[in-house]
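Colleague: Here you go, one structure.
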Amino acid sequence: MNLIDRIVQVRTEIQAIRRDIHAHPELAYQEHRTSDRVAQLLAAWGIEVHRGLAGTGVVGVLRNGSGSRSIGLRADMDALPIAEANRFEHASKHANTMHACGHDGHTAMLLAAAKYLAALRPFDGTVNFIFQPAEEGGAGAQKMIDDGLFERFPCDAVFAMHNWPNLAVGQFATTPGPMMASGNRFEITVTGRGAHAALPHLGVDPVFVAVQIVQGLQAIVTRNKKPIDAAVLSVTIIKAGDAVNVVPDTAFIAGGVRTFDARVTDLVEEKMRRIARLTAEAHGASAQVKFERYYPATVNDPAQAAFAAAVAAEVVGEDNVFGRYEPTMGSEDFAFMLQARPGAYVFIGNGDGAHRLSGHGEGPCLLHNPSFDFNDELIPIGATFWVRLVERFLAQR
Ligand SMILES: [Zn+2]
Ligand SMILES: [Zn+2]
């Protein structure tokens, strides 16, 4: 690996910051301590600090030379409402709050790069270090954009990195086009007419209708969309009734839909509304559908994905970079930044969990798992990648 010595030398210092953030996790839009810490460090290193975007967001601006090119690097800062199972010293001190997605590590890797770039300034142009709140479902990226992120801090391109369990340490992955799916959720309320369960003919049974609708929805994925287009439709909640001898008035259905293409989401929504309405009507009931698109698909700009892969290859060697990695059906709010600016999202291997010595906890070291921990070995790898990305990007004419 071609790591930058000076970054390798500060690993212990940055690791201590990472573990401190891990021990003090904060949920979406409540990242006050984390935000303070990030702002203080950036300022101490001579970086111009801007606060208040999306509440707890922080932007560090570093200019050098007279170059007009600019680049945005984004890290997320929020934790999850999970009770940590790990028992190591830096385990969460906050009940039911945990850095189970490694955003503590993303923040640390970007800080390490910022420290190096501020000290040596090996570039000509502007670097915007974007520390965002509320990636986990709160659309913090969109909120920062609404608060003028790209008008106040212009970026020719924007990049983000996420640790990826089971991709080996020292490996990177990205892909041209869709990398993560859109996240959408739906609720269907079926209204019938309650009755005594012994006299169903006097009512309209919403439970029976709800079951027909759930069956019908599966036809959207298997019969309506093009087989080659990806989509997942999961009904995860069905609720109705309180007593075995009562036909209830209403039944409730809810779930999620993931796609890589807004046109596929359009098709799923349209068919869902039709199936719910007409199935209910056939049985004398009615159905109300609420369909909410919370995150769009994360779509990499092909040229920027190829550029990021080439930079990663410079750091870890070509054999350790997957430039056409299989997309995943998870979603990510960096999608909003990629709708606003060209750029790419990159996975950095977090390993198989061997970095947690025995006694650290039980269970797999997977994202959103109570036994997860970010692998500190990634700090110099990720930070070197960020530095080289800045140097190469700003040197382009
Ligand atoms: Zn997550
Ligand atoms: Zn995450």
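Chain lettering (A, B, ...) mirrors the order of the structure tokens, residue numbering begins at 1 for each chain separately, and ligand numbering begins at 1 in order of display.
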What does the list of residues within 7 Å of ligand 1 look like if you count only C-alpha atoms and all ligand atoms, written as number ranges by chain?

Modeller: A: 101, 136, 367-368

Colleague: Those residues with C-alpha atoms, as a PDB file, in the first residue's frame please?

Modeller:
```pdb
ATOM      1  CA  CYS A 101     -22.692   2.298  10.802  1.00  0.00           C
ATOM      2  CA  GLU A 136     -29.719   7.650   8.826  1.00  0.00           C
ATOM      3  CA  LEU A 367     -23.476  -2.428   9.570  1.00  0.00           C
ATOM      4  CA  HIS A 368     -26.397  -1.662  11.924  1.00  0.00           C
TER       5      HIS A 368
END
```

Colleague: What do you get as a VMD selection string if you pick all residues at most 12 Å from ligand 2, counting only C-alpha atoms and all ligand atoms?

Modeller: chain A and resid 28 75 to 80 98 to 107 132 to 137 160 to 165 180 330 to 334 345 347 366 to 369 372 374

Colleague: For Glu281 of chain A, work out the shell of residues within 12 Å, counting only C-alpha atoms and skipping chain neighbours fewer than 4 positions away, then give it as a PyMOL selection string.

Modeller: chain A and resi 190-192+204+206+209-210+212-213+274-277+285-288

Colleague: As a VMD selection string, please: all residues of segment 17-237 of chain A that backbone DSSP puts in alpha helix (DSSP H).

Modeller: chain A and resid 17 to 23 32 to 44 103 to 120 140 to 146 149 to 152 206 to 219

Colleague: Please provide as a count of residues only all residues within 10 Å of segment 245-256 of chain A, with the sequence filter that same-chain residues fewer than 6 positions apart are discarded (counting only C-alpha atoms).

Modeller: 46

Colleague: For Arg69 of chain A, please output as a list of chain:residue names all residues within 6 Å (counting only C-alpha atoms; exclusion window: fewer than 2 positions along the same chain).

Modeller: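 Answer for this query is A:Gly67, A:Gly125, A:Leu394.
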
Colleague: Selection from above, C-alpha atoms, as a JSON list (two decimals), in the first residue's frame, can you write it?

Modeller:
```
[["chain", "number", "residue", "atom", "x", "y", "z"],
["A", 67, "GLY", "CA", -6.74, 27.75, -8.83],
["A", 125, "GLY", "CA", -7.77, 25.32, -5.54],
["A", 394, "LEU", "CA", -7.55, 19.87, -8.42]]
```
